[in-house]
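Data block for start_36.cif (mmCIF, C-alpha atoms):
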```cif
data_run
#
loop_
_atom_site.group_PDB
_atom_site.id
_atom_site.type_symbol
_atom_site.label_atom_id
_atom_site.label_comp_id
_atom_site.auth_asym_id
_atom_site.auth_seq_id
_atom_site.Cartn_x
_atom_site.Cartn_y
_atom_site.Cartn_z
ATOM 1 C CA MET N 48 7.890 22.845 -5.018
ATOM 2 C CA VAL N 49 10.351 20.531 -6.786
ATOM 3 C CA GLY N 50 10.132 18.087 -3.872
ATOM 4 C CA ARG N 51 6.337 17.941 -4.151
ATOM 5 C CA ILE N 52 6.506 17.274 -7.887
ATOM 6 C CA LEU N 53 9.168 14.568 -7.620
ATOM 7 C CA PHE N 54 7.406 12.850 -4.736
ATOM 8 C CA ALA N 55 4.048 12.855 -6.540
ATOM 9 C CA TRP N 56 5.725 11.489 -9.691
ATOM 10 C CA GLY N 57 7.397 8.631 -7.830
ATOM 11 C CA PHE N 58 4.766 7.649 -5.266
ATOM 12 C CA SER N 59 1.354 8.844 -6.507
ATOM 13 C CA GLU N 60 0.016 5.360 -7.295
ATOM 14 C CA GLN N 61 1.128 3.966 -3.942
ATOM 15 C CA LEU N 62 -0.856 6.656 -2.135
ATOM 16 C CA ASP N 63 -4.049 4.935 -3.271
ATOM 17 C CA ASN N 64 -2.783 1.397 -2.773
ATOM 18 C CA ASP N 65 -1.521 1.977 0.787
ATOM 19 C CA ALA N 66 -3.738 4.856 1.896
ATOM 20 C CA LYS N 67 -3.608 4.012 5.604
ATOM 21 C CA MET N 68 0.186 3.914 5.681
ATOM 22 C CA TRP N 69 0.624 7.174 3.773
ATOM 23 C CA ARG N 70 -2.067 8.932 5.819
ATOM 24 C CA PHE N 71 -0.089 8.214 8.966
ATOM 25 C CA ALA N 72 3.163 9.052 7.178
ATOM 26 C CA ALA N 73 1.715 12.511 6.459
ATOM 27 C CA ASP N 74 1.428 13.133 10.207
ATOM 28 C CA ILE N 75 5.029 12.008 10.710
ATOM 29 C CA PHE N 76 6.240 14.337 7.929
ATOM 30 C CA ASN N 77 4.329 17.253 9.461
ATOM 31 C CA ASP N 78 5.507 16.673 13.038
ATOM 32 C CA LEU N 79 9.087 16.096 11.955
ATOM 33 C CA GLY N 80 9.018 19.317 9.930
ATOM 34 C CA MET N 81 7.736 21.270 12.927
ATOM 35 C CA ALA N 82 10.371 19.683 15.184
ATOM 36 C CA ILE N 83 13.133 20.859 12.822
ATOM 37 C CA GLU N 84 11.585 24.336 12.614
ATOM 38 C CA ILE N 85 11.567 24.671 16.401
ATOM 39 C CA ALA N 86 15.170 23.463 16.655
ATOM 40 C CA SER N 87 16.539 25.600 13.791
ATOM 41 C CA PRO N 88 16.877 28.900 15.778
ATOM 42 C CA PHE N 89 19.056 27.091 18.316
ATOM 43 C CA ALA N 90 21.307 25.531 15.651
ATOM 44 C CA PRO N 91 24.536 27.134 14.350
ATOM 45 C CA SER N 92 23.879 29.934 11.850
ATOM 46 C CA TYR N 93 25.390 28.019 8.898
ATOM 47 C CA MET N 94 22.828 25.220 9.427
ATOM 48 C CA PHE N 95 19.750 27.421 9.633
ATOM 49 C CA VAL N 96 19.022 27.609 5.896
ATOM 50 C CA TRP N 97 19.518 23.859 5.449
ATOM 51 C CA LEU N 98 17.205 23.045 8.364
ATOM 52 C CA ALA N 99 14.597 25.490 7.100
ATOM 53 C CA CYS N 100 14.682 23.866 3.647
ATOM 54 C CA ILE N 101 14.358 20.359 5.099
ATOM 55 C CA ALA N 102 11.447 21.442 7.297
ATOM 56 C CA THR N 103 9.700 23.045 4.308
ATOM 57 C CA LEU N 104 10.251 19.890 2.220
ATOM 58 C CA LEU N 105 8.756 17.686 4.936
ATOM 59 C CA LYS N 106 5.707 19.925 5.195
ATOM 60 C CA ALA N 107 5.343 19.831 1.412
ATOM 61 C CA LEU N 108 5.396 16.020 1.509
ATOM 62 C CA CYS N 109 2.767 16.178 4.242
ATOM 63 C CA GLY N 110 0.595 18.301 1.965
ATOM 64 C CA VAL N 111 0.879 15.828 -0.913
ATOM 65 C CA THR N 112 0.336 12.649 1.111
ATOM 66 C CA GLY N 113 -2.313 14.131 3.400
ATOM 67 C CA GLY N 114 -4.379 15.618 0.588
ATOM 68 C CA ALA N 115 -4.149 12.556 -1.656
ATOM 69 C CA THR N 116 -4.946 9.997 1.033
ATOM 70 C CA ARG N 117 -7.790 12.142 2.358
ATOM 71 C CA ALA N 118 -9.417 11.912 -1.075
ATOM 72 C CA SER N 119 -8.827 8.145 -1.198
ATOM 73 C CA LEU N 120 -10.184 7.478 2.286
ATOM 74 C CA SER N 121 -13.135 9.803 1.693
ATOM 75 C CA GLN N 122 -14.308 7.470 -1.056
ATOM 76 C CA HIS N 123 -14.438 4.701 1.531
ATOM 77 C CA PHE N 124 -16.573 6.758 3.922
ATOM 78 C CA ALA N 125 -18.892 8.103 1.211
ATOM 79 C CA LYS N 126 -21.140 5.047 1.327
ATOM 80 C CA THR N 127 -23.910 6.654 -0.756
ATOM 81 C CA ASP N 128 -21.670 8.635 -3.144
ATOM 82 C CA ASN N 129 -22.131 11.708 -0.923
ATOM 83 C CA MET N 130 -18.633 13.102 -1.445
ATOM 84 C CA ALA N 131 -19.760 16.763 -1.335
ATOM 85 C CA ASP N 132 -21.620 16.237 1.943
ATOM 86 C CA LEU N 133 -18.631 14.411 3.394
ATOM 87 C CA ALA N 134 -16.176 17.122 2.285
ATOM 88 C CA ALA N 135 -18.333 19.878 3.791
ATOM 89 C CA LYS N 136 -18.613 18.119 7.156
ATOM 90 C CA ASP N 137 -14.921 17.230 7.146
ATOM 91 C CA GLY N 138 -14.031 20.869 6.521
ATOM 92 C CA SER N 139 -16.296 22.029 9.343
ATOM 93 C CA GLN N 140 -14.812 19.474 11.715
ATOM 94 C CA GLU N 141 -11.280 20.582 10.838
ATOM 95 C CA THR N 142 -12.205 24.231 11.421
ATOM 96 C CA VAL N 143 -13.590 23.473 14.887
ATOM 97 C CA ILE N 144 -10.526 21.407 15.805
ATOM 98 C CA ASN N 145 -8.159 24.169 14.647
ATOM 99 C CA LEU N 146 -10.091 26.732 16.680
ATOM 100 C CA VAL N 147 -9.975 24.598 19.818
ATOM 101 C CA GLY N 148 -6.267 23.976 19.211
ATOM 102 C CA MET N 149 -5.535 27.697 18.914
ATOM 103 C CA ILE N 150 -7.369 28.476 22.163
ATOM 104 C CA PHE N 151 -5.618 25.644 23.992
ATOM 105 C CA SER N 152 -2.169 26.612 22.639
ATOM 106 C CA ALA N 153 -2.723 30.254 23.683
ATOM 107 C CA PHE N 154 -3.395 28.985 27.199
ATOM 108 C CA VAL N 155 -0.397 26.596 27.335
ATOM 109 C CA VAL N 156 2.137 29.042 25.867
ATOM 110 C CA GLN N 157 1.680 31.350 28.874
ATOM 111 C CA PHE N 158 3.447 28.795 31.063
ATOM 112 C CA ILE N 159 6.452 28.244 28.766
ATOM 113 C CA PRO N 160 9.463 30.487 29.496
ATOM 114 C CA GLU N 161 10.757 32.450 26.498
ATOM 115 C CA SER N 162 13.907 31.143 24.761
ATOM 116 C CA ASN N 163 13.983 28.021 26.929
ATOM 117 C CA PHE N 164 14.804 25.258 24.464
ATOM 118 C CA ALA N 165 14.497 22.389 26.972
ATOM 119 C CA VAL N 166 10.999 23.329 28.142
ATOM 120 C CA THR N 167 9.772 24.194 24.633
ATOM 121 C CA TYR N 168 10.965 20.921 23.174
ATOM 122 C CA SER N 169 9.681 18.898 26.130
ATOM 123 C CA VAL N 170 6.156 20.305 25.734
ATOM 124 C CA PHE N 171 6.335 19.844 21.962
ATOM 125 C CA THR N 172 7.515 16.221 22.339
ATOM 126 C CA ILE N 173 4.669 15.351 24.722
ATOM 127 C CA PHE N 174 1.976 16.729 22.429
ATOM 128 C CA THR N 175 3.632 15.256 19.333
ATOM 129 C CA ILE N 176 3.606 11.775 20.865
ATOM 130 C CA LEU N 177 -0.041 12.275 21.813
ATOM 131 C CA HIS N 178 -0.826 13.456 18.275
ATOM 132 C CA LEU N 179 0.876 10.486 16.611
ATOM 133 C CA LEU N 180 -0.659 7.995 19.033
ATOM 134 C CA THR N 181 -4.218 9.216 18.447
ATOM 135 C CA ASN N 182 -3.679 9.276 14.673
ATOM 136 C CA TRP N 183 -2.222 5.769 14.795
ATOM 137 C CA MET N 184 -5.348 4.576 16.601
ATOM 138 C CA ALA N 185 -7.572 6.415 14.109
ATOM 139 C CA VAL N 186 -5.866 4.863 11.083
ATOM 140 C CA ARG N 187 -5.928 1.410 12.683
ATOM 141 C CA SER N 188 -9.689 1.714 13.236
ATOM 142 C CA VAL N 189 -10.422 2.183 9.522
ATOM 143 C CA VAL N 190 -11.747 -1.030 7.982
ATOM 144 C CA LEU N 191 -11.151 -1.078 4.227
ATOM 145 C CA HIS N 192 -12.860 -3.596 1.940
ATOM 146 C CA SER N 193 -10.558 -3.101 -1.057
ATOM 147 C CA LEU N 194 -7.683 -5.465 -1.809
ATOM 148 C CA ASN N 195 -4.178 -4.039 -1.754
ATOM 149 C CA THR N 196 -0.950 -6.054 -1.764
ATOM 150 C CA GLN N 197 -0.783 -6.623 1.990
ATOM 151 C CA ARG N 198 -4.431 -7.621 2.384
ATOM 152 C CA THR N 199 -4.299 -9.850 -0.703
ATOM 153 C CA ASP N 200 -1.139 -11.557 0.557
ATOM 154 C CA THR N 201 -2.589 -12.172 4.030
ATOM 155 C CA LEU N 202 -5.933 -13.412 2.700
ATOM 156 C CA SER N 203 -4.317 -15.732 0.151
ATOM 157 C CA ARG N 204 -1.932 -17.339 2.636
ATOM 158 C CA LYS N 205 -4.635 -17.741 5.285
ATOM 159 C CA PHE N 206 -6.909 -19.343 2.688
ATOM 160 C CA ILE N 207 -4.233 -21.792 1.505
ATOM 161 C CA LEU N 208 -2.774 -22.693 4.905
ATOM 162 C CA ALA N 209 -6.044 -22.715 6.873
ATOM 163 C CA LYS N 210 -7.836 -24.882 4.328
ATOM 164 C CA SER N 211 -10.195 -22.458 2.562
ATOM 165 C CA LYS N 212 -10.700 -20.012 5.437
ATOM 166 C CA VAL N 213 -11.210 -16.385 4.415
ATOM 167 C CA LEU N 214 -10.987 -13.643 7.028
ATOM 168 C CA SER N 215 -13.457 -10.744 7.102
ATOM 169 C CA PRO N 216 -12.409 -7.105 6.546
ATOM 170 C CA VAL N 217 -12.632 -6.489 10.310
ATOM 171 C CA GLN N 218 -10.367 -9.461 11.085
ATOM 172 C CA ILE N 219 -7.831 -8.401 8.454
ATOM 173 C CA SER N 220 -7.903 -4.824 9.781
ATOM 174 C CA ASN N 221 -6.925 -6.111 13.237
ATOM 175 C CA GLU N 222 -3.962 -8.000 11.742
ATOM 176 C CA GLU N 223 -2.946 -5.347 9.205
ATOM 177 C CA HIS N 224 0.331 -3.476 9.705
ATOM 178 C CA ILE N 225 0.365 0.258 9.022
ATOM 179 C CA PHE N 226 3.984 0.029 7.853
ATOM 180 C CA TRP N 227 4.282 -3.294 6.049
ATOM 181 C CA LEU N 228 7.639 -4.575 4.850
ATOM 182 C CA ASN N 229 6.753 -6.613 1.772
ATOM 183 C CA SER N 230 8.727 -9.834 2.167
ATOM 184 C CA SER N 231 6.448 -11.957 -0.016
ATOM 185 C CA ARG N 232 9.012 -12.127 -2.894
ATOM 186 C CA ILE N 233 6.156 -11.833 -5.387
ATOM 187 C CA THR N 234 6.560 -9.198 -8.113
ATOM 188 C CA LEU N 235 3.884 -8.422 -10.712
ATOM 189 C CA GLY N 236 4.228 -6.585 -14.000
ATOM 190 C CA VAL N 237 7.810 -7.602 -14.837
ATOM 191 C CA PRO N 238 9.269 -7.882 -18.375
ATOM 192 C CA ILE N 239 8.929 -11.366 -19.797
ATOM 193 C CA SER N 240 12.290 -11.066 -21.564
ATOM 194 C CA GLY N 241 14.073 -12.128 -18.372
ATOM 195 C CA PHE N 242 12.174 -15.427 -18.035
ATOM 196 C CA PRO N 243 14.150 -18.668 -18.665
ATOM 197 C CA ILE N 244 11.914 -19.933 -21.479
ATOM 198 C CA ASN N 245 13.297 -22.238 -24.178
ATOM 199 C CA GLU N 246 11.618 -23.119 -27.474
ATOM 200 C CA ASP N 247 9.908 -26.270 -26.180
ATOM 201 C CA LEU N 248 8.474 -24.390 -23.212
ATOM 202 C CA TRP N 249 7.223 -21.632 -25.505
ATOM 203 C CA LYS N 250 5.341 -24.210 -27.569
ATOM 204 C CA LYS N 251 3.836 -25.697 -24.414
ATOM 205 C CA ILE N 252 2.719 -22.280 -23.155
ATOM 206 C CA LEU N 253 1.220 -21.265 -26.487
ATOM 207 C CA ASP N 254 -0.330 -24.655 -27.230
ATOM 208 C CA VAL N 255 -3.592 -23.668 -25.566
ATOM 209 C CA GLU N 256 -6.928 -22.356 -26.797
ATOM 210 C CA MET N 257 -6.124 -18.791 -25.739
ATOM 211 C CA ILE N 258 -3.056 -16.757 -24.782
ATOM 212 C CA PRO N 259 -2.436 -17.030 -21.012
ATOM 213 C CA ARG N 260 -3.421 -13.944 -19.016
ATOM 214 C CA TYR N 261 -0.225 -14.190 -16.983
ATOM 215 C CA ILE N 262 3.029 -16.142 -16.968
ATOM 216 C CA ILE N 263 4.903 -16.955 -13.753
ATOM 217 C CA SER N 264 8.623 -17.538 -13.353
ATOM 218 C CA VAL N 265 9.565 -19.482 -10.207
ATOM 219 C CA LYS N 266 13.126 -19.241 -8.906
ATOM 220 C CA SER N 267 14.233 -21.239 -5.881
ATOM 221 C CA LEU N 268 16.274 -19.510 -3.182
ATOM 222 C CA PRO N 269 18.242 -21.388 -0.484
ATOM 223 C CA SER N 270 16.474 -21.349 2.912
ATOM 224 C CA GLN N 271 13.983 -18.730 1.686
ATOM 225 C CA LYS N 272 10.657 -18.483 -0.072
ATOM 226 C CA ASN N 273 10.753 -19.007 -3.821
ATOM 227 C CA GLN N 274 11.084 -15.808 -5.839
ATOM 228 C CA ILE N 275 7.909 -15.349 -7.915
ATOM 229 C CA SER N 276 8.034 -13.029 -10.941
ATOM 230 C CA ILE N 277 4.783 -12.525 -12.839
ATOM 231 C CA ALA N 278 4.371 -11.122 -16.351
ATOM 232 C CA LEU N 279 0.890 -9.788 -17.157
ATOM 233 C CA ILE N 280 -0.831 -9.675 -20.524
ATOM 234 C CA GLU N 281 -1.676 -6.304 -22.037
ATOM 235 C CA GLY N 282 -5.138 -5.303 -20.773
ATOM 236 C CA ALA N 283 -4.985 -7.592 -17.739
ATOM 237 C CA SER N 284 -8.110 -7.099 -15.634
ATOM 238 C CA ALA N 285 -8.373 -6.684 -11.872
ATOM 239 C CA LEU N 286 -9.416 -10.346 -11.680
ATOM 240 C CA ASP N 287 -6.384 -11.424 -13.747
ATOM 241 C CA ILE N 288 -4.040 -9.546 -11.399
ATOM 242 C CA LEU N 289 -5.708 -11.017 -8.325
ATOM 243 C CA GLN N 290 -5.558 -14.538 -9.809
ATOM 244 C CA ALA N 291 -1.886 -14.108 -10.740
ATOM 245 C CA TYR N 292 -0.982 -13.040 -7.194
ATOM 246 C CA PHE N 293 -3.016 -15.878 -5.673
ATOM 247 C CA HIS N 294 -1.306 -18.395 -7.975
ATOM 248 C CA GLY N 295 2.068 -16.986 -6.936
ATOM 249 C CA VAL N 296 1.246 -17.503 -3.254
ATOM 250 C CA LEU N 297 -0.023 -21.010 -4.034
ATOM 251 C CA LEU N 298 3.289 -21.873 -5.701
ATOM 252 C CA GLN N 299 5.255 -20.456 -2.786
ATOM 253 C CA GLU N 300 3.323 -22.280 -0.098
ATOM 254 C CA SER N 301 3.247 -25.616 -1.921
ATOM 255 C CA ASN N 302 6.980 -25.305 -2.702
ATOM 256 C CA SER N 303 6.512 -28.064 -5.271
ATOM 257 C CA ILE N 304 7.665 -26.193 -8.371
ATOM 258 C CA THR N 305 11.063 -24.534 -8.600
ATOM 259 C CA ASP N 306 13.146 -22.899 -11.305
ATOM 260 C CA THR N 307 10.566 -23.091 -14.057
ATOM 261 C CA VAL N 308 7.855 -21.114 -15.837
ATOM 262 C CA VAL N 309 4.142 -21.864 -15.413
ATOM 263 C CA THR N 310 0.743 -20.462 -16.333
ATOM 264 C CA ALA N 311 -2.753 -20.960 -14.944
ATOM 265 C CA ASN N 312 -3.765 -24.616 -14.626
ATOM 266 C CA HIS N 313 -6.857 -26.521 -13.530
ATOM 267 C CA ASP N 314 -5.723 -26.833 -9.915
ATOM 268 C CA SER N 315 -4.893 -23.131 -9.484
ATOM 269 C CA VAL N 316 -8.104 -22.023 -11.231
ATOM 270 C CA SER N 317 -10.215 -24.323 -9.050
ATOM 271 C CA HIS N 318 -8.652 -22.980 -5.857
ATOM 272 C CA PHE N 319 -8.959 -19.389 -7.088
ATOM 273 C CA ASN N 320 -12.653 -19.700 -7.973
ATOM 274 C CA ASP N 321 -13.357 -20.979 -4.457
ATOM 275 C CA PHE N 322 -11.242 -18.135 -3.052
ATOM 276 C CA ILE N 323 -13.227 -15.509 -4.997
ATOM 277 C CA LYS N 324 -16.589 -16.906 -3.841
ATOM 278 C CA ARG N 325 -15.497 -16.783 -0.222
ATOM 279 C CA LEU N 326 -14.092 -13.255 -0.609
ATOM 280 C CA GLU N 327 -17.405 -11.971 -1.947
ATOM 281 C CA ALA N 328 -19.325 -13.821 0.755
ATOM 282 C CA ASN N 329 -17.226 -12.042 3.391
ATOM 283 C CA GLY N 330 -17.858 -8.590 1.946
ATOM 284 C CA TRP N 331 -14.587 -7.965 0.102
ATOM 285 C CA ASP N 332 -14.485 -5.654 -2.918
ATOM 286 C CA ILE N 333 -12.484 -7.591 -5.502
ATOM 287 C CA GLY N 334 -12.558 -4.743 -8.032
ATOM 288 C CA LEU N 335 -14.947 -6.185 -10.625
ATOM 289 C CA GLU N 336 -17.198 -3.120 -10.826
ATOM 290 C CA ASN N 337 -14.469 -0.582 -11.619
ATOM 291 C CA GLU N 338 -11.939 -3.105 -12.994
ATOM 292 C CA HIS N 339 -9.333 -1.950 -10.499
ATOM 293 C CA ASN N 340 -7.763 -3.197 -7.298
ATOM 294 C CA ARG N 341 -4.985 -1.828 -5.086
ATOM 295 C CA ILE N 342 -2.288 -4.436 -5.702
ATOM 296 C CA ASN N 343 1.111 -2.928 -6.537
ATOM 297 C CA ILE N 344 2.177 -3.882 -10.065
ATOM 298 C CA GLY N 345 4.995 -2.894 -12.392
ATOM 299 C CA PRO N 346 4.506 -1.197 -15.797
ATOM 300 C CA TRP N 347 5.477 -4.098 -18.075
ATOM 301 C CA ARG N 348 2.950 -6.107 -20.148
ATOM 302 C CA TYR N 349 3.190 -8.647 -22.958
ATOM 303 C CA SER N 350 0.979 -8.738 -26.031
ATOM 304 C CA LEU N 351 -0.074 -11.465 -28.462
ATOM 305 C CA GLY N 352 3.440 -11.544 -29.889
ATOM 306 C CA ILE N 353 4.745 -12.193 -26.336
ATOM 307 C CA LYS N 354 6.897 -9.083 -26.407
ATOM 308 C CA SER N 355 7.066 -6.995 -23.278
ATOM 309 C CA HIS N 356 6.549 -3.267 -23.264
ATOM 310 C CA ALA N 357 6.062 -0.702 -20.510
ATOM 311 C CA GLU N 358 2.636 0.884 -20.190
#
```

What is this file in structure tokens?
Amino acid sequence: MVGRILFAWGFSEQLDNDAKMWRFAADIFNDLGMAIEIASPFAPSYMFVWLACIATLLKALCGVTGGATRASLSQHFAKTDNMADLAAKDGSQETVINLVGMIFSAFVVQFIPESNFAVTYSVFTIFTILHLLTNWMAVRSVVLHSLNTQRTDTLSRKFILAKSKVLSPVQISNEEHIFWLNSSRITLGVPISGFPINEDLWKKILDVEMIPRYIISVKSLPSQKNQISIALIEGASALDILQAYFHGVLLQESNSITDTVVTANHDSVSHFNDFIKRLEANGWDIGLENEHNRINIGPWRYSLGIKSHAE
């Protein structure tokens, strides 16, 4: 119970942002929990309780991630807002699959000798690999039109490097990694207090008709991509967040500005407007209708006084 609560508290937002990854992770948690349960009777007696607790924790994590990502992915499949219809059919499908699984397992278990760890684990391993493989293929086949961090990063870099080319959701789905190690070095929603801004730079930033929607700190790193830290204004919209990330990628790929602080300029806005038009033309949901996208951001925002606070 405590594990479920702590996991939901720490990772709940990421379950929406990276639904495909966490949906597959739920299967891994479940299979790993069952593997430990099967092995626990053969372990030394002093380890049994610990193994049982770990197995229960893994199954609890499976329940959290599986249930949450099912709700998130269901929204994608409910093309006509038919969530109730989708839930009813999904429940019926799961019931049929469980019934078939029970019948098949009753047949297979007849051929497994009792208390034979090697045979039991061998059969379990074969079916577990088959289960994970089919679920991997199922998750890979889902084509999402929303923009999370990985899809935004890939689209932005392809657009900048391939001279205004925007890939379709199907093309991005084929390139998308289920487990993506974020090496972009772009962080959104950071406190502005850590930015190297002197008085003259403050005057330059504020000497505009309106307060900038985001402020970017660029830090050069030897033989690596520049580190991009982005502070967002309080009430930043989905479009502001998308523009800030795109500008960060633009600064990284151009590699022309280092160790300074910048805001939106004519060049970045011009490129971004073209980027948005091509995204919409290719069927991407940029989050304008519900003012929300799936890009991972931190809790910090700055207000008109340019003081950061956590939301």

| said: With only C-alpha atoms as the counted atoms, please give the residues lying no more than 12 Å from Val316 of chain N, apart from itself and same-chain residues fewer than 5 positions off, as a PyMOL selection string. | reply: chain N and resi 286-287+289-291+293-294+297+310-311+321-323

| Distance of atom CA of Ala165 of chain N from atom CA of Ala153 of chain N, expressed in Å to one decimal place |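 Answer for the atom CA of Ala153 of chain N to atom CA of Ala165 of chain N separation: 19.2 Å.
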
Kindly provide, as a PDB file with C-alpha atoms, in the coordinates of the input, the polymer residues lying within 10 Å of (1.8, -19.2, -4.0), counting all atoms listed in the file and using the coordinates exactly as they appear in the file.
```pdb
ATOM      1  CA  ASP N 200      -1.139 -11.557   0.557  1.00  0.00           C
ATOM      2  CA  SER N 203      -4.317 -15.732   0.151  1.00  0.00           C
ATOM      3  CA  ARG N 204      -1.932 -17.339   2.636  1.00  0.00           C
ATOM      4  CA  ILE N 207      -4.233 -21.792   1.505  1.00  0.00           C
ATOM      5  CA  SER N 231       6.448 -11.957  -0.016  1.00  0.00           C
ATOM      6  CA  ILE N 233       6.156 -11.833  -5.387  1.00  0.00           C
ATOM      7  CA  VAL N 265       9.565 -19.482 -10.207  1.00  0.00           C
ATOM      8  CA  LYS N 272      10.657 -18.483  -0.072  1.00  0.00           C
ATOM      9  CA  ASN N 273      10.753 -19.007  -3.821  1.00  0.00           C
ATOM     10  CA  ILE N 275       7.909 -15.349  -7.915  1.00  0.00           C
ATOM     11  CA  ALA N 291      -1.886 -14.108 -10.740  1.00  0.00           C
ATOM     12  CA  TYR N 292      -0.982 -13.040  -7.194  1.00  0.00           C
ATOM     13  CA  PHE N 293      -3.016 -15.878  -5.673  1.00  0.00           C
ATOM     14  CA  HIS N 294      -1.306 -18.395  -7.975  1.00  0.00           C
ATOM     15  CA  GLY N 295       2.068 -16.986  -6.936  1.00  0.00           C
ATOM     16  CA  VAL N 296       1.246 -17.503  -3.254  1.00  0.00           C
ATOM     17  CA  LEU N 297      -0.023 -21.010  -4.034  1.00  0.00           C
ATOM     18  CA  LEU N 298       3.289 -21.873  -5.701  1.00  0.00           C
ATOM     19  CA  GLN N 299       5.255 -20.456  -2.786  1.00  0.00           C
ATOM     20  CA  GLU N 300       3.323 -22.280  -0.098  1.00  0.00           C
ATOM     21  CA  SER N 301       3.247 -25.616  -1.921  1.00  0.00           C
ATOM     22  CA  ASN N 302       6.980 -25.305  -2.702  1.00  0.00           C
ATOM     23  CA  SER N 315      -4.893 -23.131  -9.484  1.00  0.00           C
TER      24      SER N 315
END
```

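Candidate residues N:Ala135, N:Leu120, N:Ile150, N:Leu248 were compared for distance to Asp65 of chain N, and the nearest is N:Leu120, using all atoms listed in the file.
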
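The closest residue to Ile173 of chain N, picked from N:Asp63, N:Asp306, N:Asp332, N:Asp78 and counting all atoms listed in the file, is N:Asp78.
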
| request: Provide the atom CA of Pro346 of chain N to atom CA of Ser276 of chain N distance in Å, to one decimal place. | output: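 Result for atom CA of Pro346 of chain N versus atom CA of Ser276 of chain N: 13.3 Å, one decimal.
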
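Taking all atoms listed in the file into account, Trp69 of chain N lies nearest to N:Ile225 out of the set N:Val147, N:Gly282, N:Ile225, N:Leu133.
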
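Reported to one decimal place, the separation of atom CA of Ile144 of chain N from atom CA of Phe174 of chain N is 14.9 Å.
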
Test item: axis-aligned box, all listed atoms of segment 279-284 of chain N, 3 Å on each side, centre and edges in Å rounded to one decimal, as AutoDock Vina command-line options:
```
--center_x -3.6 --center_y -7.5 --center_z -18.8 --size_x 15.0 --size_y 10.5 --size_z 12.4
```
